[in-house]
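Quick look at my_file_15.txt (compact mmCIF, C-alpha atoms):
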```
# COMPACT_ATOMS: atom_id res chain seq x y z
CA MET O 59 23.67 21.96 19.24
CA ILE O 60 20.48 23.34 17.73
CA GLU O 61 18.50 25.38 20.26
CA LEU O 62 14.71 25.41 19.92
CA ASP O 63 11.84 27.16 21.68
CA GLY O 64 9.02 24.64 22.02
CA ALA O 65 6.47 27.07 23.43
CA GLU O 66 4.27 27.59 20.38
CA GLY O 67 4.49 24.37 18.41
CA GLY O 68 3.27 21.92 21.03
CA GLY O 69 4.05 18.24 20.74
CA GLN O 70 4.55 18.61 17.00
CA VAL O 71 7.82 20.48 17.59
CA VAL O 72 9.07 17.68 19.84
CA ARG O 73 8.19 14.92 17.38
CA SER O 74 9.56 16.66 14.30
CA ALA O 75 12.70 17.81 16.11
CA LEU O 76 13.44 14.22 17.14
CA SER O 77 13.10 13.05 13.52
CA LEU O 78 15.23 15.84 12.08
CA SER O 79 17.88 15.51 14.78
CA ALA O 80 18.27 11.77 14.16
CA LEU O 81 18.30 12.21 10.38
CA ALA O 82 20.82 15.05 10.41
CA GLY O 83 22.93 13.63 13.22
CA GLU O 84 22.65 16.99 14.99
CA PRO O 85 21.98 17.27 18.75
CA VAL O 86 19.01 19.41 19.71
CA ARG O 87 17.88 21.13 22.88
CA ILE O 88 14.24 22.17 23.32
CA GLU O 89 13.31 24.74 25.96
CA ASN O 90 9.75 25.63 27.02
CA VAL O 91 8.38 22.30 25.80
CA ARG O 92 4.68 22.84 25.02
CA GLY O 93 5.00 26.09 26.95
CA ALA O 94 1.86 27.67 25.47
CA ARG O 95 -0.37 24.75 26.48
CA ASP O 96 -2.56 24.77 29.60
CA HIS O 97 -0.48 21.90 30.97
CA PRO O 98 3.06 22.40 29.60
CA GLY O 99 5.89 19.92 29.50
CA LEU O 100 6.26 16.38 28.21
CA LYS O 101 3.25 14.11 28.59
CA HIS O 102 3.06 10.33 28.28
CA GLN O 103 2.67 10.36 24.49
CA HIS O 104 5.69 12.63 24.02
CA LEU O 105 7.80 10.54 26.38
CA ALA O 106 6.95 7.43 24.38
CA ALA O 107 8.13 9.16 21.21
CA VAL O 108 11.36 10.27 22.90
CA GLU O 109 11.98 6.77 24.22
CA LEU O 110 11.50 5.21 20.80
CA ALA O 111 13.57 7.76 18.91
CA ALA O 112 16.37 7.43 21.47
CA ALA O 113 16.40 3.64 21.24
CA ILE O 114 16.36 3.57 17.44
CA SER O 115 19.08 6.23 17.08
CA ASP O 116 21.14 5.24 20.14
CA ALA O 117 20.77 8.76 21.51
CA ASP O 118 21.87 10.34 24.75
CA VAL O 119 18.88 12.10 26.30
CA GLU O 120 18.43 14.55 29.15
CA GLY O 121 15.04 15.61 30.51
CA ALA O 122 12.99 12.61 29.41
CA GLU O 123 10.63 12.88 32.37
CA LEU O 124 6.93 13.53 32.77
CA ASP O 125 6.17 17.29 32.73
CA ALA O 126 9.78 18.18 31.90
CA GLU O 127 9.98 21.48 30.00
CA THR O 128 13.55 21.07 28.75
CA LEU O 129 14.71 18.18 26.57
CA ALA O 130 18.17 17.50 25.14
CA PHE O 131 18.59 14.83 22.45
CA ASP O 132 21.99 13.80 21.04
CA PRO O 133 21.53 11.04 18.44
CA GLY O 134 23.79 8.37 17.08
CA ARG O 135 23.09 6.45 13.88
CA PRO O 136 19.53 5.07 13.47
CA SER O 137 19.31 1.31 13.14
CA GLY O 138 16.66 -1.28 12.38
CA GLY O 139 15.27 -3.95 14.68
CA ARG O 140 12.14 -4.35 16.77
CA TYR O 141 11.11 -1.84 19.42
CA GLU O 142 8.10 -1.65 21.73
CA VAL O 143 6.67 1.13 23.88
CA ASP O 144 3.55 1.50 26.02
CA VAL O 145 2.23 5.06 26.15
CA GLY O 146 0.52 4.13 29.43
CA THR O 147 -2.56 6.22 28.61
CA SER O 148 -4.83 6.77 25.60
CA GLY O 149 -2.15 9.02 24.08
CA SER O 150 -2.06 8.79 20.31
CA VAL O 151 -0.31 5.82 18.72
CA THR O 152 -0.25 7.50 15.31
CA LEU O 153 1.55 10.56 16.65
CA VAL O 154 4.18 8.34 18.28
CA PHE O 155 4.65 6.67 14.90
CA ASP O 156 5.08 10.09 13.29
CA ALA O 157 8.16 10.81 15.40
CA VAL O 158 10.08 7.81 14.06
CA LEU O 159 8.58 7.01 10.64
CA PRO O 160 10.95 9.44 8.81
CA LEU O 161 13.89 7.36 10.03
CA ALA O 162 13.03 5.07 7.11
CA ALA O 163 15.40 7.32 5.18
CA ALA O 164 18.33 6.54 7.50
CA ILE O 165 18.10 2.85 8.43
CA ASP O 166 19.89 -0.02 6.68
CA GLU O 167 17.69 -2.84 8.01
CA PRO O 168 13.92 -3.27 8.53
CA LEU O 169 12.36 -1.56 11.54
CA ASP O 170 9.31 -2.81 13.48
CA ILE O 171 7.72 -0.54 16.09
CA ALA O 172 4.92 -1.79 18.35
CA VAL O 173 3.04 0.88 20.33
CA ARG O 174 0.26 0.49 22.90
CA GLY O 175 -2.05 3.46 23.51
CA GLY O 176 -4.94 5.21 21.77
CA THR O 177 -5.46 4.33 18.13
CA ASP O 178 -8.47 6.63 17.62
CA VAL O 179 -8.42 9.65 19.92
CA GLU O 180 -8.93 13.42 19.83
CA TRP O 181 -6.29 15.84 18.48
CA SER O 182 -4.57 13.25 16.29
CA PRO O 183 -5.08 11.40 13.01
CA PRO O 184 -7.10 8.22 13.63
CA MET O 185 -5.58 4.88 12.72
CA ASP O 186 -7.67 4.37 9.58
CA TYR O 187 -6.49 7.74 8.28
CA PHE O 188 -2.87 6.83 9.04
CA ARG O 189 -2.99 3.48 7.26
CA SER O 190 -5.36 4.29 4.37
CA VAL O 191 -4.39 7.88 3.54
CA LYS O 192 -1.02 8.96 4.92
CA LEU O 193 0.95 5.75 4.35
CA PRO O 194 -0.33 5.25 0.77
CA VAL O 195 0.61 8.85 -0.08
CA LEU O 196 4.08 8.27 1.34
CA ARG O 197 4.40 4.96 -0.51
CA CYS O 198 3.77 6.87 -3.74
CA HIS O 199 6.80 8.96 -2.78
CA GLY O 200 9.20 6.12 -2.12
CA VAL O 201 8.52 5.28 1.54
CA ASP O 202 8.15 1.55 2.24
CA ALA O 203 5.98 1.29 5.36
CA ALA O 204 2.81 -0.44 6.54
CA VAL O 205 0.90 -0.78 9.80
CA ASP O 206 -0.88 -3.72 11.40
CA VAL O 207 -3.63 -2.94 13.92
CA GLU O 208 -3.97 -5.66 16.54
CA ARG O 209 -6.40 -3.89 18.87
CA ARG O 210 -8.29 -0.59 18.87
CA GLY O 211 -7.85 1.89 21.69
CA PHE O 212 -10.28 4.68 22.59
CA TYR O 213 -10.27 7.34 25.30
CA PRO O 214 -9.84 7.11 28.29
CA ALA O 215 -8.31 3.64 28.77
CA GLY O 216 -6.45 3.34 25.49
CA GLY O 217 -5.14 -0.21 25.30
CA GLY O 218 -4.88 -0.23 21.52
CA VAL O 219 -1.94 -1.99 19.91
CA ALA O 220 -0.47 -1.39 16.45
CA THR O 221 2.82 -2.28 14.80
CA LEU O 222 4.50 -0.08 12.21
CA SER O 223 6.83 -1.93 9.83
CA VAL O 224 9.35 0.21 7.97
CA ASN O 225 11.90 -0.80 5.38
CA PRO O 226 14.94 1.26 4.34
CA SER O 227 13.63 3.84 1.90
CA THR O 228 14.75 6.61 -0.44
CA PRO O 229 12.01 9.24 -0.34
CA ALA O 230 11.19 11.04 -3.56
CA ALA O 231 10.42 14.73 -3.80
CA ILE O 232 6.94 15.58 -2.50
CA GLU O 233 5.13 17.08 -5.48
CA LEU O 234 1.49 17.61 -4.52
CA THR O 235 0.19 20.75 -6.16
CA GLU O 236 -2.66 19.50 -8.38
CA ARG O 237 -4.95 16.83 -6.97
CA GLY O 238 -6.77 16.10 -10.26
CA GLU O 239 -10.28 14.76 -10.68
CA ARG O 240 -12.00 12.98 -7.81
CA SER O 241 -12.88 9.35 -8.51
CA GLY O 242 -14.83 8.66 -5.33
CA VAL O 243 -14.67 8.03 -1.60
CA ARG O 244 -14.35 5.06 0.73
CA LEU O 245 -16.04 5.01 4.13
CA ASN O 246 -14.96 2.94 7.11
CA SER O 247 -16.81 2.93 10.41
CA VAL O 248 -15.64 1.17 13.57
CA ALA O 249 -17.22 0.83 17.01
CA SER O 250 -16.67 -1.13 20.20
CA GLU O 251 -18.39 -4.50 20.19
CA GLU O 252 -20.63 -3.39 23.08
CA LEU O 253 -22.38 -1.12 20.55
CA ALA O 254 -23.16 -3.87 18.03
CA ASP O 255 -26.74 -4.42 19.22
CA ALA O 256 -27.48 -0.76 18.49
CA ASP O 257 -25.94 -1.05 14.99
CA VAL O 258 -23.73 1.94 15.75
CA ALA O 259 -21.01 1.15 13.19
CA GLU O 260 -23.57 0.63 10.43
CA ARG O 261 -25.49 3.78 11.38
CA GLN O 262 -22.32 5.89 11.30
CA ALA O 263 -21.55 4.61 7.81
CA ARG O 264 -25.13 5.15 6.62
CA GLY O 265 -25.16 8.66 8.08
CA ALA O 266 -21.99 9.52 6.21
CA ALA O 267 -23.21 8.03 2.93
CA ALA O 268 -26.54 9.83 3.18
CA ALA O 269 -24.82 13.18 3.80
CA LEU O 270 -22.69 12.98 0.67
CA PRO O 271 -23.85 14.91 -2.41
CA ASP O 272 -25.21 12.92 -5.34
CA ASP O 273 -22.11 13.62 -7.43
CA VAL O 274 -19.79 11.86 -4.96
CA ASP O 275 -19.43 8.16 -5.69
CA VAL O 276 -19.08 5.80 -2.73
CA ILE O 277 -16.56 3.21 -3.92
CA GLU O 278 -16.65 1.19 -0.71
CA ARG O 279 -18.48 1.30 2.61
CA SER O 280 -17.62 -0.87 5.60
CA ALA O 281 -18.63 -1.22 9.25
CA GLU O 282 -16.81 -3.26 11.87
CA TYR O 283 -16.74 -3.94 15.60
CA ALA O 284 -13.72 -4.35 17.85
CA GLU O 285 -12.98 -5.52 21.37
CA THR O 286 -11.77 -2.44 23.27
CA ASP O 287 -10.89 -1.39 26.81
CA SER O 288 -13.02 1.78 26.56
CA ILE O 289 -16.18 2.16 24.51
CA GLY O 290 -15.75 4.36 21.47
CA THR O 291 -16.38 4.82 17.77
CA ALA O 292 -14.71 6.37 14.75
CA VAL O 293 -15.55 6.97 11.11
CA THR O 294 -12.98 7.76 8.43
CA LEU O 295 -13.58 8.92 4.88
CA ARG O 296 -10.89 8.48 2.24
CA ALA O 297 -11.27 10.66 -0.84
CA GLU O 298 -9.46 9.42 -3.94
CA TYR O 299 -8.22 11.90 -6.55
CA GLU O 300 -6.23 11.48 -9.72
CA ASN O 301 -2.94 12.51 -8.08
CA THR O 302 -3.44 12.08 -4.35
CA LEU O 303 -5.60 10.96 -1.43
CA ALA O 304 -7.24 12.99 1.31
CA GLY O 305 -9.01 12.06 4.52
CA ALA O 306 -11.67 13.24 6.94
CA ASN O 307 -12.85 11.72 10.18
CA ALA O 308 -14.99 12.02 13.28
CA LEU O 309 -15.11 10.32 16.67
CA GLY O 310 -18.21 9.24 18.52
CA GLU O 311 -19.06 10.48 21.97
CA ARG O 312 -21.71 9.77 24.56
CA GLY O 313 -24.99 11.45 23.65
CA LYS O 314 -24.10 12.05 19.98
CA PRO O 315 -26.26 10.01 17.55
CA ALA O 316 -24.22 7.69 15.35
CA GLU O 317 -25.62 9.28 12.21
CA GLU O 318 -24.28 12.68 13.29
CA VAL O 319 -20.79 11.22 13.65
CA GLY O 320 -20.88 10.16 10.01
CA GLU O 321 -22.25 13.55 8.96
CA GLU O 322 -19.45 15.33 10.82
CA ALA O 323 -16.80 13.45 8.82
CA VAL O 324 -18.59 14.35 5.59
CA ARG O 325 -18.65 18.06 6.47
CA GLU O 326 -14.89 17.98 6.95
CA PHE O 327 -14.47 16.26 3.58
CA LEU O 328 -16.75 18.72 1.78
CA ASP O 329 -14.80 21.68 3.17
CA PHE O 330 -11.62 20.21 1.69
CA ASP O 331 -13.22 19.12 -1.57
CA ALA O 332 -14.64 22.60 -2.19
CA ALA O 333 -11.13 24.05 -2.30
CA ASP O 334 -8.27 23.17 -4.66
CA ALA O 335 -5.58 22.05 -2.23
CA ALA O 336 -3.76 18.78 -2.88
CA ALA O 337 -2.91 18.06 0.77
CA ASP O 338 -5.53 17.87 3.51
CA ARG O 339 -5.28 19.48 6.95
CA TYR O 340 -3.28 16.59 8.45
CA LEU O 341 -0.86 16.13 5.55
CA ALA O 342 -0.36 19.89 5.21
CA ASP O 343 2.30 20.02 7.93
CA GLN O 344 3.21 16.36 8.35
CA LEU O 345 4.63 16.05 4.83
CA LEU O 346 7.04 18.93 5.34
CA VAL O 347 9.53 16.76 7.24
CA TRP O 348 9.55 14.42 4.24
CA ALA O 349 9.91 17.28 1.78
CA ALA O 350 12.92 18.41 3.81
CA LEU O 351 14.68 15.19 2.78
CA SER O 352 14.17 15.37 -0.99
CA GLY O 353 12.55 18.71 -1.71
CA GLY O 354 9.18 19.40 -3.24
CA GLN O 355 6.09 21.53 -2.90
CA LEU O 356 2.46 21.16 -1.95
CA THR O 357 -0.73 23.19 -1.95
CA ILE O 358 -2.57 23.31 1.37
CA PRO O 359 -6.05 24.37 2.54
CA GLU O 360 -4.73 27.12 4.84
CA VAL O 361 -1.59 28.32 6.58
CA THR O 362 -2.19 26.97 10.07
CA ASN O 363 -0.08 27.47 13.18
CA HIS O 364 1.19 23.92 12.68
CA VAL O 365 2.40 24.75 9.20
CA VAL O 366 4.14 27.91 10.41
CA SER O 367 5.77 25.98 13.28
CA SER O 368 6.97 23.29 10.88
CA VAL O 369 8.47 25.85 8.50
CA ASP O 370 10.22 27.63 11.37
CA LEU O 371 11.58 24.34 12.70
CA LEU O 372 12.94 23.29 9.30
CA GLY O 373 14.68 26.64 9.08
CA LYS O 374 16.52 25.89 12.32
CA PHE O 375 17.91 22.78 10.62
CA GLY O 376 19.05 24.78 7.59
CA VAL O 377 16.15 23.85 5.30
CA ASP O 378 14.88 26.76 3.21
CA VAL O 379 11.07 26.70 3.00
CA GLU O 380 8.86 29.35 1.43
CA ILE O 381 5.12 29.87 1.98
CA GLU O 382 3.42 31.46 -1.04
CA THR O 383 0.02 33.03 -0.41
CA GLY O 384 -0.89 34.73 -3.68
CA GLU O 385 -3.86 33.74 -5.81
CA GLY O 386 -5.35 30.31 -5.27
CA MET O 387 -4.42 27.88 -2.53
CA PRO O 388 -1.40 28.54 -0.30
CA ARG O 389 1.69 26.75 -1.56
CA VAL O 390 4.62 25.55 0.52
CA ALA O 391 7.86 25.06 -1.41
CA VAL O 392 11.03 23.47 -0.03
CA ARG O 393 13.99 25.18 -1.70
CA SER O 394 16.82 23.26 -0.02
CA THR O 395 17.05 19.92 1.77
CA LEU O 396 18.37 18.62 5.07
CA ASP O 397 22.13 18.19 5.25
CA ARG O 398 22.63 14.51 6.15
```
How does this structure look as structure tokens?
Amino acid sequence: MIELDGAEGGGQVVRSALSLSALAGEPVRIENVRGARDHPGLKHQHLAAVELAAAISDADVEGAELDAETLAFDPGRPSGGRYEVDVGTSGSVTLVFDAVLPLAAAIDEPLDIAVRGGTDVEWSPPMDYFRSVKLPVLRCHGVDAAVDVERRGFYPAGGGVATLSVNPSTPAAIELTERGERSGVRLNSVASEELADADVAERQARGAAAALPDDVDVIERSAEYAETDSIGTAVTLRAEYENTLAGANALGERGKPAEEVGEEAVREFLDFDAADAAADRYLADQLLVWAALSGGQLTIPEVTNHVVSSVDLLGKFGVDVEIETGEGMPRVAVRSTLDR
């Protein structure tokens, strides 16, 4: 059994450990789950991920309880089918998906996963980023997956519903070191229908477009409204480059003008665009689990704690990963792959 200390990595360690355990067929035990957080232990979102991963991989689990700080996961063989889980809060739907999406490399039949929770919430990639940036990048590397959003969910009620459809896949090596020339950006703004009279979705999109430099082409700009349990907004910017995609986003909040929400997303994009990295701040660590399957390398904006935690975790599973921090952008290179 692989023993892990979950104190520093937060929920990311739990999610990635579940994926790697199921893919490698190796049981794992995590102590000090989210031990460095103000409120340690498993929360609703993490429990939903554990429940799904256990069902898909027919795992024996100990410690799958709210606030539990020790979790043991002993997987069987992942299988396809349809699975549903309700986070029960506005916990992130996209992060729950992240725990089980890599099982595309292990299943023999299609897999459909329906999750109810928060589709666009703090501390996680929003749904438009997940479906318009992350999944297309993975599809370019051999992963056959798509997501259907039935209902948006904002903080605090959540209530969003999305279904991830995954087909058996053979991931290719992740080679993202040179992003190439930028062709343009796409903007998508969404807001609860209660905000339609104030043109909030349109104003977010206009604010983002107006904040972009003249040399950045806007390929597409859209604004939409959705029926939601809690009022909220989100804006996502997708930057298209010759060899990859990148994303930036911002969430609305009470008292923040809609135009400022759009401007916030643009500032995040401009920070990324000014550097030479090929993977944005979300993809920087999330792609490492995939690179562990088939190898590869990627340049990243910075070596964050999440990246360090991911590299350490892969090492526990016997995957050799090197972080190079010489001239230019940091580079993460996977030298060996997961034994499956």
Near Gly218 of chain O, within 8 Å and counting all atoms listed in the file, which residues show up once chain neighbours fewer than 3 positions away are dropped, as a short mmCIF file (atom, residue, chain, number, x, y, z; two decimals) with C-alpha atoms, keeping the file's coordinate frame?
```
data_model
loop_
_atom_site.label_atom_id
_atom_site.label_comp_id
_atom_site.auth_asym_id
_atom_site.auth_seq_id
_atom_site.Cartn_x
_atom_site.Cartn_y
_atom_site.Cartn_z
CA ARG O 174 0.26 0.49 22.90
CA GLY O 175 -2.05 3.46 23.51
CA GLY O 176 -4.94 5.21 21.77
CA THR O 177 -5.46 4.33 18.13
CA GLU O 208 -3.97 -5.66 16.54
CA ARG O 209 -6.40 -3.89 18.87
CA ARG O 210 -8.29 -0.59 18.87
CA GLY O 211 -7.85 1.89 21.69
CA PHE O 212 -10.28 4.68 22.59
CA THR O 286 -11.77 -2.44 23.27
#
```
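Straight-line separation from atom CA of Ala254 of chain O to atom CA of Ala266 of chain O: 17.9 Å.
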Problem set entry | Gap from atom CA of Ala230 of chain O to atom CA of Asp166 of chain O - Å, one decimal |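 Atom-to-atom, atom CA of Ala230 of chain O and atom CA of Asp166 of chain O are spaced 17.4 Å apart.
For the pair atom CA of Arg197 of chain O and atom CA of Ser223 of chain O, the interatomic distance is 12.7 Å.
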Problem set entry | Leu351 of chain O surroundings by all atoms listed in the file, 6 Å radius, close-in-sequence under 2 positions cut, as a PyMOL selection string | chain O and resi 348-349+395-396
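Surrounding residues of (6.0, 26.5, 7.1) at most 10 Å away are Ala342, Asp343, Leu346, Val361, Thr362, Asn363, His364, Val365, Val366, Ser367, Ser368, Val369, Asp370, Leu371, Leu372, Gly373, Asp378, Val379, Glu380, Ile381, Glu382, Arg389, Val390, Ala391 and Val392 of chain O (based on all atoms listed in the file).
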Exercise. Can you list, as a list in words, every protein, DNA or RNA residue that comes within 10 Å of segment 194-196 of chain O when you count all atoms listed in the file, leaving out same-chain residues fewer than 2 positions away?
Worked result: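 Contacts, with the query itself left out: Phe188, Arg189, Ser190, Val191, Lys192, Cys198, His199, Gly200, Val201, Asp202, Ala203, Ala204, Pro229, Ala230, Ile232, Leu234, Asn301, Thr302, Leu303, Ala304, Ala337, Leu341, Leu345 and Trp348 of chain O.
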